[in-house]
$ cat work39.txt   # compact mmCIF, C-alpha atoms
# COMPACT_ATOMS: atom_id res chain seq x y z
CA MET A 1 57.31 66.55 89.43
CA ALA A 2 55.53 69.87 89.70
CA LYS A 3 54.15 71.38 86.53
CA SER A 4 55.68 74.53 85.13
CA GLN A 5 53.87 77.68 85.98
CA PRO A 6 52.54 79.44 82.92
CA GLY A 7 54.65 82.40 81.85
CA LYS A 8 57.42 81.38 84.14
CA ASP A 9 58.82 78.47 82.25
CA ASN A 10 62.35 77.95 81.15
CA PHE A 11 61.57 79.19 77.67
CA THR A 12 61.03 82.77 78.84
CA ARG A 13 64.07 82.63 81.05
CA ASN A 14 66.30 81.17 78.37
CA LEU A 15 65.02 83.67 75.86
CA VAL A 16 65.86 86.53 78.23
CA ILE A 17 69.34 85.16 78.83
CA ALA A 18 69.90 84.72 75.10
CA VAL A 19 68.71 88.24 74.33
CA VAL A 20 70.84 89.91 77.02
CA VAL A 21 73.98 87.98 76.18
CA GLY A 22 73.32 88.25 72.45
CA VAL A 23 72.79 92.00 72.42
CA LEU A 24 75.93 92.65 74.45
CA LEU A 25 77.97 90.34 72.23
CA ILE A 26 76.64 92.16 69.17
CA MET A 27 77.89 95.40 70.74
CA LEU A 28 81.15 93.94 71.97
CA VAL A 29 82.46 92.22 68.85
CA PRO A 30 82.42 95.31 66.55
CA THR A 31 83.94 97.32 69.40
CA LEU A 32 86.81 94.88 69.66
CA LEU A 33 87.27 94.89 65.89
CA SER A 34 87.12 98.70 65.62
CA ARG A 35 90.00 98.93 68.05
CA GLN A 36 92.32 97.09 65.76
CA THR A 37 94.69 99.44 64.00
CA ASP A 38 93.18 100.41 60.67
CA SER A 39 96.21 100.72 58.42
CA SER A 40 94.05 102.03 55.57
CA ALA A 41 92.98 105.14 57.51
CA SER A 42 94.35 108.31 55.94
CA ILE A 43 97.09 109.94 57.98
CA PRO A 44 98.02 113.61 58.19
CA ALA A 45 101.34 115.13 57.21
CA ASN A 46 104.42 114.23 59.25
CA VAL A 47 102.78 111.23 60.84
CA SER A 48 104.66 107.98 61.03
CA ALA A 49 102.89 104.69 61.67
CA ASP A 50 106.22 103.33 62.93
CA ARG A 51 106.23 105.96 65.64
CA GLY A 52 102.82 105.07 67.05
CA TYR A 53 101.00 107.28 64.54
CA GLY A 54 102.41 110.36 66.30
CA VAL A 55 103.01 113.71 64.62
CA VAL A 56 106.78 113.75 64.14
CA PHE A 57 109.14 116.70 64.12
CA ASN A 58 112.80 116.31 63.14
CA GLY A 59 112.26 112.62 62.39
CA GLU A 60 115.27 112.67 60.10
CA LEU A 61 117.78 113.58 62.84
CA THR A 62 120.03 110.93 64.32
CA GLY A 63 122.00 111.03 67.54
CA VAL A 64 119.52 113.32 69.26
CA PRO A 65 117.03 112.41 72.01
CA VAL A 66 113.63 111.18 70.87
CA VAL A 67 110.88 112.78 72.94
CA ASP A 68 107.46 111.12 72.76
CA ILE A 69 104.68 113.22 74.29
CA TYR A 70 101.31 111.61 74.99
CA GLU A 71 98.56 114.05 75.83
CA ASP A 72 94.85 114.61 75.57
CA PHE A 73 93.82 118.07 74.41
CA GLN A 74 91.12 118.22 77.08
CA CYS A 75 93.43 117.23 79.95
CA PRO A 76 94.00 120.25 82.22
CA VAL A 77 97.32 118.90 83.50
CA CYS A 78 98.48 118.67 79.88
CA ALA A 79 97.71 122.37 79.48
CA GLN A 80 99.81 123.13 82.56
CA PHE A 81 102.57 120.95 81.18
CA THR A 82 102.44 122.77 77.84
CA GLN A 83 102.46 126.14 79.52
CA LEU A 84 105.53 125.18 81.53
CA ASN A 85 107.55 123.11 79.06
CA GLY A 86 105.98 123.99 75.71
CA PRO A 87 108.41 126.78 74.79
CA TYR A 88 111.40 124.55 75.59
CA ILE A 89 109.94 121.67 73.55
CA GLU A 90 109.27 123.99 70.62
CA SER A 91 112.82 125.31 70.84
CA LEU A 92 114.11 121.72 70.68
CA ILE A 93 112.18 121.37 67.45
CA ALA A 94 113.23 124.72 65.99
CA GLU A 95 116.90 124.24 66.85
CA LYS A 96 116.85 120.61 65.71
CA LYS A 97 118.09 119.37 69.06
CA ALA A 98 115.60 116.53 69.40
CA THR A 99 113.08 114.42 67.54
CA VAL A 100 109.70 115.24 69.04
CA VAL A 101 106.63 113.07 68.53
CA TYR A 102 103.19 114.25 69.63
CA HIS A 103 100.63 111.55 70.39
CA THR A 104 97.19 113.09 70.62
CA LEU A 105 95.20 110.68 72.78
CA SER A 106 91.45 111.05 73.09
CA PHE A 107 90.36 109.07 76.14
CA LEU A 108 88.59 112.05 77.73
CA GLY A 109 85.73 111.87 75.31
CA PRO A 110 84.20 113.11 72.05
CA GLU A 111 85.65 116.62 72.15
CA SER A 112 89.14 115.19 72.57
CA VAL A 113 88.48 113.23 69.40
CA ASN A 114 87.31 116.42 67.62
CA ALA A 115 90.39 118.28 68.81
CA ALA A 116 92.81 115.53 67.81
CA ASN A 117 91.24 115.38 64.36
CA ALA A 118 91.47 119.16 64.01
CA ALA A 119 95.11 119.11 65.10
CA ALA A 120 95.78 116.56 62.38
CA CYS A 121 94.11 118.85 59.85
CA ALA A 122 96.38 121.65 61.11
CA ALA A 123 99.41 119.38 60.63
CA ASP A 124 98.51 119.20 56.95
CA GLU A 125 98.75 123.01 56.85
CA GLY A 126 102.11 122.93 58.60
CA LYS A 127 100.55 124.55 61.65
CA PHE A 128 100.40 121.69 64.14
CA LEU A 129 102.51 123.40 66.79
CA ASP A 130 100.59 126.68 66.64
CA TYR A 131 97.30 124.87 66.73
CA HIS A 132 98.44 122.62 69.57
CA ARG A 133 99.41 125.68 71.61
CA LEU A 134 96.07 127.38 70.89
CA LEU A 135 94.07 124.33 71.93
CA MET A 136 95.95 124.05 75.20
CA MET A 137 95.39 127.75 75.88
CA ASN A 138 91.68 127.53 75.04
CA GLN A 139 90.61 124.52 77.05
CA LYS A 140 86.93 124.44 77.98
CA GLN A 141 84.92 122.43 80.41
CA GLU A 142 85.35 118.81 79.24
CA ASN A 143 82.83 117.75 76.60
CA SER A 144 80.61 120.75 77.31
CA GLY A 145 80.06 121.52 73.64
CA GLY A 146 82.80 124.15 73.71
CA TRP A 147 85.01 122.35 71.24
CA SER A 148 82.50 121.95 68.47
CA ASN A 149 83.89 121.49 64.99
CA ASN A 150 82.81 125.04 64.20
CA PHE A 151 84.85 126.41 67.07
CA LEU A 152 87.81 124.22 66.13
CA ALA A 153 87.64 125.44 62.54
CA SER A 154 87.59 129.06 63.64
CA LEU A 155 90.50 128.41 65.99
CA GLY A 156 92.42 127.48 62.86
CA GLN A 157 92.01 131.01 61.58
CA THR A 158 93.53 132.26 64.82
CA ALA A 159 96.48 130.01 64.04
CA GLY A 160 96.72 131.66 60.63
CA ILE A 161 95.15 128.84 58.63
CA THR A 162 93.00 130.25 55.88
CA SER A 163 92.43 127.32 53.57
CA GLN A 164 88.97 125.95 52.86
CA LYS A 165 90.43 122.48 53.03
CA PHE A 166 91.16 122.88 56.73
CA SER A 167 87.59 123.64 57.77
CA SER A 168 86.26 120.87 55.58
CA CYS A 169 88.80 118.49 57.10
CA VAL A 170 87.71 119.51 60.60
CA ASN A 171 84.00 119.28 59.89
CA LYS A 172 84.13 116.02 57.96
CA GLY A 173 86.45 114.38 60.47
CA ASP A 174 88.93 113.33 57.78
CA TYR A 175 91.34 111.90 60.36
CA LEU A 176 88.98 110.15 62.78
CA GLY A 177 90.43 106.78 61.76
CA TRP A 178 93.89 108.09 62.49
CA VAL A 179 92.72 109.38 65.92
CA SER A 180 91.65 105.89 66.90
CA ASN A 181 94.93 104.47 65.58
CA VAL A 182 96.81 106.89 67.84
CA ALA A 183 94.70 105.74 70.79
CA ALA A 184 95.35 102.08 70.01
CA ALA A 185 99.09 102.73 69.73
CA GLY A 186 99.04 104.60 73.04
CA ALA A 187 97.34 101.63 74.67
CA LYS A 188 100.02 99.32 73.27
CA ALA A 189 102.71 101.64 74.61
CA ASN A 190 101.19 101.28 78.12
CA VAL A 191 100.40 104.97 78.57
CA ASN A 192 98.21 105.17 81.67
CA SER A 193 97.90 108.88 82.29
CA THR A 194 98.45 112.16 80.52
CA PRO A 195 100.74 113.84 80.02
CA THR A 196 103.20 110.98 79.63
CA VAL A 197 106.63 111.69 78.20
CA PHE A 198 109.12 109.13 77.00
CA VAL A 199 112.68 110.15 76.30
CA ASN A 200 114.37 107.59 74.08
CA GLY A 201 111.62 105.13 74.86
CA LYS A 202 111.84 105.43 78.64
CA GLU A 203 109.29 107.33 80.71
CA ILE A 204 110.66 110.29 82.63
CA ASP A 205 110.22 110.15 86.39
CA ARG A 206 106.86 111.42 87.62
CA ASN A 207 107.78 111.11 91.29
CA ALA A 208 110.99 113.07 90.89
CA SER A 209 108.87 115.95 89.47
CA GLU A 210 110.52 115.72 86.07
CA TYR A 211 107.19 116.73 84.55
CA PHE A 212 106.48 119.90 86.46
CA ASP A 213 109.88 121.36 87.17
CA ALA A 214 111.14 123.01 84.00
CA ALA A 215 114.80 122.56 84.92
CA LYS A 216 114.35 118.89 85.78
CA PHE A 217 112.37 118.30 82.58
CA LYS A 218 115.17 119.85 80.58
CA ALA A 219 117.71 117.71 82.39
CA ALA A 220 115.65 114.58 81.72
CA VAL A 221 115.54 115.34 77.99
CA GLU A 222 119.24 116.16 77.79
CA ARG A 223 120.17 113.06 79.76
CA GLY A 224 118.56 111.19 76.87
CA MET B 1 63.38 82.07 107.80
CA LYS B 2 62.09 80.14 104.81
CA LYS B 3 59.90 83.11 103.94
CA ILE B 4 62.54 85.76 104.43
CA GLN B 5 65.22 84.04 102.42
CA PRO B 6 63.78 84.73 98.94
CA TRP B 7 63.35 88.38 99.90
CA PHE B 8 66.93 88.57 101.07
CA GLY B 9 67.90 86.94 97.81
CA LEU B 10 65.96 89.59 95.91
CA ALA B 11 67.79 92.33 97.79
CA ALA B 12 71.13 90.63 97.09
CA ARG B 13 70.28 90.35 93.40
CA LEU B 14 69.31 93.99 93.12
CA ILE B 15 72.33 95.29 95.02
CA LEU B 16 74.87 93.12 93.21
CA GLY B 17 73.18 93.44 89.82
CA GLY B 18 72.56 97.16 90.20
CA THR B 19 76.18 97.82 91.16
CA LEU B 20 77.41 95.80 88.19
CA ILE B 21 75.11 97.63 85.78
CA ALA B 22 76.26 100.99 87.13
CA ALA B 23 79.92 99.96 86.88
CA GLY B 24 79.52 98.58 83.37
CA TYR B 25 77.44 101.49 82.13
CA LEU B 26 79.92 104.11 83.37
CA LYS B 27 82.76 102.34 81.59
CA PHE B 28 81.39 100.98 78.37
CA ASP B 29 81.47 104.22 76.39
CA GLU B 30 84.86 105.23 77.79
CA LEU B 31 86.80 102.18 76.77
CA ASP B 32 90.13 103.99 76.35
CA LYS B 33 89.94 104.88 80.04
CA SER B 34 88.80 101.42 80.95
CA GLN B 35 91.80 99.89 79.18
CA MET B 36 94.02 102.41 80.92
CA ALA B 37 92.55 101.43 84.27
CA VAL B 38 93.30 97.74 83.73
CA ARG B 39 96.84 98.44 82.48
CA ALA B 40 97.56 100.61 85.50
CA TYR B 41 97.30 97.58 87.79
CA GLU B 42 100.52 96.36 86.13
CA MET B 43 99.40 92.80 86.64
CA LEU B 44 98.74 91.46 83.15
CA PRO B 45 100.55 91.56 79.82
CA ILE B 46 99.57 94.75 77.99
CA PRO B 47 97.57 93.10 75.16
CA LEU B 48 95.55 91.05 77.68
CA ALA B 49 94.97 94.11 79.86
CA ASN B 50 93.74 96.05 76.84
CA PHE B 51 91.44 93.18 75.89
CA LEU B 52 89.98 92.97 79.40
CA GLY B 53 89.54 96.73 79.49
CA ILE B 54 87.05 96.33 76.66
CA VAL B 55 85.43 93.07 77.68
CA VAL B 56 84.91 93.64 81.41
CA PRO B 57 82.38 96.52 81.10
CA PHE B 58 80.22 94.45 78.73
CA PHE B 59 80.54 91.45 81.01
CA GLU B 60 79.48 93.54 84.01
CA LEU B 61 76.46 94.81 82.11
CA ALA B 62 75.43 91.30 81.03
CA VAL B 63 75.61 89.61 84.44
CA GLY B 64 74.21 92.74 86.11
CA ILE B 65 71.13 92.75 83.87
CA LEU B 66 70.62 89.01 84.31
CA LEU B 67 70.85 89.35 88.09
CA VAL B 68 68.36 92.20 88.22
CA ILE B 69 65.93 90.35 85.95
CA GLY B 70 66.57 87.16 87.85
CA ALA B 71 67.42 84.95 84.90
CA GLY B 72 70.17 82.40 85.34
CA VAL B 73 70.80 83.69 88.84
CA ARG B 74 73.11 80.90 89.96
CA ILE B 75 75.55 81.16 87.09
CA SER B 76 75.42 84.98 86.95
CA ALA B 77 76.01 85.21 90.69
CA ALA B 78 78.89 82.75 90.51
CA LEU B 79 80.49 84.72 87.65
CA SER B 80 80.02 87.99 89.56
CA ALA B 81 81.61 86.52 92.67
CA LEU B 82 84.58 85.35 90.59
CA LEU B 83 84.84 88.80 89.01
CA MET B 84 84.80 90.46 92.43
CA ILE B 85 87.47 88.07 93.70
CA GLY B 86 89.53 88.96 90.63
CA PHE B 87 89.11 92.67 91.41
CA MET B 88 90.09 92.05 95.03
CA ILE B 89 93.28 90.28 93.96
CA ALA B 90 94.10 93.11 91.55
CA ILE B 91 93.47 95.83 94.13
CA SER B 92 95.35 94.00 96.90
CA GLN B 93 98.42 93.49 94.75
CA ALA B 94 98.36 97.14 93.69
CA TRP B 95 98.13 98.16 97.33
CA ALA B 96 100.85 95.76 98.43
CA ARG B 97 103.21 96.95 95.69
CA GLY B 98 102.55 100.57 96.56
CA LEU B 99 101.18 101.51 93.13
CA SER B 100 99.43 104.84 93.02
CA ILE B 101 96.33 104.20 90.93
CA ASP B 102 92.61 104.82 90.85
CA CYS B 103 90.72 101.53 91.06
CA GLY B 104 88.71 102.46 87.97
CA CYS B 105 85.78 100.60 89.49
CA PHE B 106 83.15 103.01 88.15
CA GLY B 107 84.98 104.54 85.22
CA GLY B 108 88.10 106.62 85.53
CA GLY B 109 91.25 104.79 86.51
CA GLY B 110 94.90 105.11 85.71
CA GLN B 111 97.68 106.60 87.74
CA VAL B 112 96.92 109.19 90.44
CA PRO B 113 99.30 111.43 92.39
CA GLU B 114 101.14 109.83 95.31
CA GLY B 115 99.02 109.45 98.41
CA GLU B 116 95.68 109.88 96.64
CA ALA B 117 95.06 106.21 96.00
CA ASP B 118 92.26 104.65 98.04
CA TYR B 119 92.36 100.88 98.13
CA LEU B 120 90.38 100.14 101.29
CA THR B 121 86.98 101.41 100.06
CA PRO B 122 86.90 99.36 96.84
CA LEU B 123 88.31 96.34 98.67
CA LEU B 124 85.56 96.43 101.30
CA ARG B 125 82.89 97.05 98.66
CA ASP B 126 84.10 94.16 96.53
CA THR B 127 84.26 91.88 99.58
CA GLY B 128 80.61 92.65 100.34
CA LEU B 129 79.59 92.13 96.72
CA ALA B 130 81.55 88.89 96.50
CA LEU B 131 79.72 87.61 99.59
CA LEU B 132 76.37 88.50 98.00
CA GLY B 133 77.45 86.65 94.87
CA ILE B 134 78.44 83.58 96.86
CA TYR B 135 75.16 83.70 98.80
CA LEU B 136 73.17 83.84 95.55
CA THR B 137 75.19 80.99 94.09
CA LEU B 138 74.21 78.85 97.06
CA PHE B 139 70.62 80.10 97.29
CA PRO B 140 69.56 81.31 93.84
CA HIS B 141 65.87 80.96 94.63
CA THR B 142 64.63 84.53 95.04
CA LYS B 143 61.46 86.61 94.77
CA PHE B 144 60.38 87.99 91.39
CA GLY B 145 62.92 86.14 89.33
CA LEU B 146 62.47 84.47 85.97
CA ASP B 147 64.16 81.31 87.17
CA LYS B 148 61.75 78.55 88.09
CA LYS B 149 61.13 77.80 91.71
CA PRO B 150 62.62 74.67 93.20
CA GLN B 151 60.27 71.71 93.29
CA SER B 152 60.29 71.28 97.02
CA ALA B 153 61.20 73.25 100.07
CA THR B 154 64.22 71.09 100.72
CA GLN B 155 65.66 71.52 97.27
CA ILE B 156 67.89 74.44 96.60
CA GLY B 157 68.82 75.46 93.12
CA GLU B 158 67.04 76.52 89.99
CA GLY B 159 65.03 73.35 89.41
CA ALA B 160 66.26 73.20 85.85
CA HIS B 161 64.93 69.67 85.34
CA GLY B 162 61.31 70.50 86.16

$ encode --input "work39.txt" --output "structure tokens"
Amino acid sequence: MAKSQPGKDNFTRNLVIAVVVGVLLIMLVPTLLSRQTDSSASIPANVSADRGYGVVFNGELTGVPVVDIYEDFQCPVCAQFTQLNGPYIESLIAEKKATVVYHTLSFLGPESVNAANAAACAADEGKFLDYHRLLMMNQKQENSGGWSNNFLASLGQTAGITSQKFSSCVNKGDYLGWVSNVAAAGAKANVNSTPTVFVNGKEIDRNASEYFDAAKFKAAVERG
Amino acid sequence: MKKIQPWFGLAARLILGGTLIAAGYLKFDELDKSQMAVRAYEMLPIPLANFLGIVVPFFELAVGILLVIGAGVRISAALSALLMIGFMIAISQAWARGLSIDCGCFGGGGQVPEGEADYLTPLLRDTGLALLGIYLTLFPHTKFGLDKKPQSATQIGEGAHG
């Protein structure tokens, strides 16, 4: 049998394998654990864990359609969707014609997480809808630094939020745990693109342009 | 031929390993998207798809790094080939069923508008990579690897019992 070459023995090789596999496992295991729903995370006003941690409007109504809206604040198509159907959705809420649940996903990156957290802070001030609308109207280049916590806090003032608590909530990331719970619930609900809308638990038809034809969207909601 | 083979093996290692590292790196800090990409294939139960969406990027990084370093080439190459075959099955079934999704091979993924899905490119790429993986499984003796050389010219393999 040939002798091992110095420096090229199995020890080095096995050590390298152990280090590579070990380091990645050390990164993987906490990642897997952190994606479990953290039921101890604090949740903003009007959020129901039973409804996928979404921000709920008119949750008390019965016999009306339940509209679940999954969106990412940085998603440009979501902004178009809001521009087109937002006023109708807000009228459903105001006239108590539907239960509407907003699920603020954050798969587009860190500034989506910032924005979702800030929206939760706005929910505590009773200004979720105004803040939601402002975010969609003020989209920046994705993760370009545009949606810093400072900007998001000042956007709150535009929405008429004056409290000190709001800016502290935005800057401290009070609802980051909740943001990841929303993401985990969205994954469980098999949401594979944004915006995704469920009416009474069933996705409306993307191919029949029920998302981007205001009349068809309305019909899809009323069909229930 | 005997002289060229280890060099070809080195090239195979770097191409396969480099591609895997790139794929894993582009996904591993966007795990929500990665999970979305796996779910969009509509092939696996949702919890399993979500689990794979997290695990696959790390797995790609691990075998990719090992291939580039040249440690445990045979097993890493075999695992990569299996992974590629898995991807090919997933992509083929999505194509056959007329799903409209992004392959999510290098990040991204999820549903795309009708007619924008491209299945041929990833399928051809994965076929090539799978062949490299199979080649390295059969001939893991390559230049500049950490694995020990085989004891004799006739012996293929890693010579683990040296």

$ closest_residue --input "work39.txt" --among "B:Leu52, B:Leu99, B:Leu146, B:Leu20" --to "chain A" --atoms "all atoms listed in the file"
B:Leu146

$ interface_residues --input "work39.txt" --of "chain A" --to "chain B" --cutoff "6 Å" --atoms "all atoms listed in the file" --output "NGL selection string"
:A and (13 or 107 or 192-193)

$ closest_residue --input "work39.txt" --among "A:Ala219, A:Glu95, A:Val179, A:Ala187" --to "Leu48 in chain B" --atoms "only C-alpha atoms"
A:Ala187

$ residues_around --input "work39.txt" --residues "Ala11 in chain B" --least-positions-apart "4" --cutoff "12 Å" --atoms "all atoms listed in the file" --output "list of chain:residue names"
B:Ile4, B:Gln5, B:Pro6, B:Trp7, B:Ile15, B:Leu16, B:Gly17, B:Gly18, B:Leu67, B:Val68, B:Gly70, B:Leu129, B:Leu132, B:Gly133, B:Tyr135, B:Leu136, B:Pro140, B:His141, B:Thr142, B:Lys143, B:Phe144, B:Gly145

$ residues_near_point --input "work39.txt" --point "(92.7, 131.8, 68.4)" --cutoff "9 Å" --atoms "all atoms listed in the file" --output "list of chain:residue names"
A:Tyr131, A:Leu134, A:Leu135, A:Met137, A:Asn138, A:Ser154, A:Leu155, A:Gly156, A:Gln157, A:Thr158, A:Ala159, A:Gly160

$ atom_distance --input "work39.txt" --atom1 "CA of Gln80 in chain A" --atom2 "CA of Thr162 in chain A"
28.4 Å

$ residues_around --input "work39.txt" --residues "Asp126 in chain B" --least-positions-apart "4" --cutoff "10 Å" --atoms "only C-alpha atoms" --output "number ranges by chain"
B: 16, 81, 83-88, 91, 105, 120-122, 130-132

$ write_last_selection --input "work39.txt" --atoms "C-alpha atoms" --output "PDB file, keeping the file's coordinate frame"
ATOM      1  CA  LEU B  16      74.870  93.120  93.210  1.00  0.00           C
ATOM      2  CA  ALA B  81      81.610  86.520  92.670  1.00  0.00           C
ATOM      3  CA  LEU B  83      84.840  88.800  89.010  1.00  0.00           C
ATOM      4  CA  MET B  84      84.800  90.460  92.430  1.00  0.00           C
ATOM      5  CA  ILE B  85      87.470  88.070  93.700  1.00  0.00           C
ATOM      6  CA  GLY B  86      89.530  88.960  90.630  1.00  0.00           C
ATOM      7  CA  PHE B  87      89.110  92.670  91.410  1.00  0.00           C
ATOM      8  CA  MET B  88      90.090  92.050  95.030  1.00  0.00           C
ATOM      9  CA  ILE B  91      93.470  95.830  94.130  1.00  0.00           C
ATOM     10  CA  CYS B 105      85.780 100.600  89.490  1.00  0.00           C
ATOM     11  CA  LEU B 120      90.380 100.140 101.290  1.00  0.00           C
ATOM     12  CA  THR B 121      86.980 101.410 100.060  1.00  0.00           C
ATOM     13  CA  PRO B 122      86.900  99.360  96.840  1.00  0.00           C
ATOM     14  CA  ALA B 130      81.550  88.890  96.500  1.00  0.00           C
ATOM     15  CA  LEU B 131      79.720  87.610  99.590  1.00  0.00           C
ATOM     16  CA  LEU B 132      76.370  88.500  98.000  1.00  0.00           C
TER      17      LEU B 132
END

$ decode --input "work39.txt" --residues "range 81-96 of chain B" --atoms "N, CA and C atoms" --output "PDB file, in the first residue's frame"
ATOM      1  N   ALA B  81     -25.816  15.045  -8.290  1.00  0.00           N
ATOM      2  CA  ALA B  81     -26.501  14.436  -9.436  1.00  0.00           C
ATOM      3  C   ALA B  81     -27.941  14.102  -9.054  1.00  0.00           C
ATOM      4  N   LEU B  82     -28.124  13.550  -7.844  1.00  0.00           N
ATOM      5  CA  LEU B  82     -29.482  13.225  -7.393  1.00  0.00           C
ATOM      6  C   LEU B  82     -30.335  14.487  -7.285  1.00  0.00           C
ATOM      7  N   LEU B  83     -29.723  15.553  -6.758  1.00  0.00           N
ATOM      8  CA  LEU B  83     -30.437  16.823  -6.626  1.00  0.00           C
ATOM      9  C   LEU B  83     -30.878  17.323  -8.006  1.00  0.00           C
ATOM     10  N   MET B  84     -29.938  17.262  -8.961  1.00  0.00           N
ATOM     11  CA  MET B  84     -30.255  17.736 -10.314  1.00  0.00           C
ATOM     12  C   MET B  84     -31.371  16.898 -10.934  1.00  0.00           C
ATOM     13  N   ILE B  85     -31.319  15.588 -10.698  1.00  0.00           N
ATOM     14  CA  ILE B  85     -32.374  14.723 -11.246  1.00  0.00           C
ATOM     15  C   ILE B  85     -33.713  15.085 -10.604  1.00  0.00           C
ATOM     16  N   GLY B  86     -33.660  15.390  -9.290  1.00  0.00           N
ATOM     17  CA  GLY B  86     -34.875  15.848  -8.612  1.00  0.00           C
ATOM     18  C   GLY B  86     -35.424  17.121  -9.239  1.00  0.00           C
ATOM     19  N   PHE B  87     -34.518  18.076  -9.510  1.00  0.00           N
ATOM     20  CA  PHE B  87     -34.935  19.337 -10.147  1.00  0.00           C
ATOM     21  C   PHE B  87     -35.548  19.057 -11.516  1.00  0.00           C
ATOM     22  N   MET B  88     -34.909  18.118 -12.261  1.00  0.00           N
ATOM     23  CA  MET B  88     -35.395  17.837 -13.612  1.00  0.00           C
ATOM     24  C   MET B  88     -36.800  17.249 -13.571  1.00  0.00           C
ATOM     25  N   ILE B  89     -37.027  16.375 -12.580  1.00  0.00           N
ATOM     26  CA  ILE B  89     -38.377  15.806 -12.434  1.00  0.00           C
ATOM     27  C   ILE B  89     -39.377  16.925 -12.125  1.00  0.00           C
ATOM     28  N   ALA B  90     -38.983  17.806 -11.186  1.00  0.00           N
ATOM     29  CA  ALA B  90     -39.891  18.884 -10.779  1.00  0.00           C
ATOM     30  C   ALA B  90     -40.217  19.793 -11.963  1.00  0.00           C
ATOM     31  N   ILE B  91     -39.166  20.167 -12.716  1.00  0.00           N
ATOM     32  CA  ILE B  91     -39.378  21.092 -13.830  1.00  0.00           C
ATOM     33  C   ILE B  91     -40.214  20.426 -14.919  1.00  0.00           C
ATOM     34  N   SER B  92     -39.898  19.153 -15.202  1.00  0.00           N
ATOM     35  CA  SER B  92     -40.634  18.446 -16.268  1.00  0.00           C
ATOM     36  C   SER B  92     -42.116  18.344 -15.932  1.00  0.00           C
ATOM     37  N   GLN B  93     -42.404  18.014 -14.664  1.00  0.00           N
ATOM     38  CA  GLN B  93     -43.823  17.859 -14.317  1.00  0.00           C
ATOM     39  C   GLN B  93     -44.539  19.206 -14.360  1.00  0.00           C
ATOM     40  N   ALA B  94     -43.812  20.280 -13.993  1.00  0.00           N
ATOM     41  CA  ALA B  94     -44.435  21.602 -14.067  1.00  0.00           C
ATOM     42  C   ALA B  94     -44.734  21.956 -15.525  1.00  0.00           C
ATOM     43  N   TRP B  95     -43.792  21.625 -16.388  1.00  0.00           N
ATOM     44  CA  TRP B  95     -43.947  21.896 -17.820  1.00  0.00           C
ATOM     45  C   TRP B  95     -45.112  21.079 -18.377  1.00  0.00           C
ATOM     46  N   ALA B  96     -45.107  19.790 -18.044  1.00  0.00           N
ATOM     47  CA  ALA B  96     -46.134  18.891 -18.583  1.00  0.00           C
ATOM     48  C   ALA B  96     -47.525  19.308 -18.122  1.00  0.00           C
TER      49      ALA B  96
END
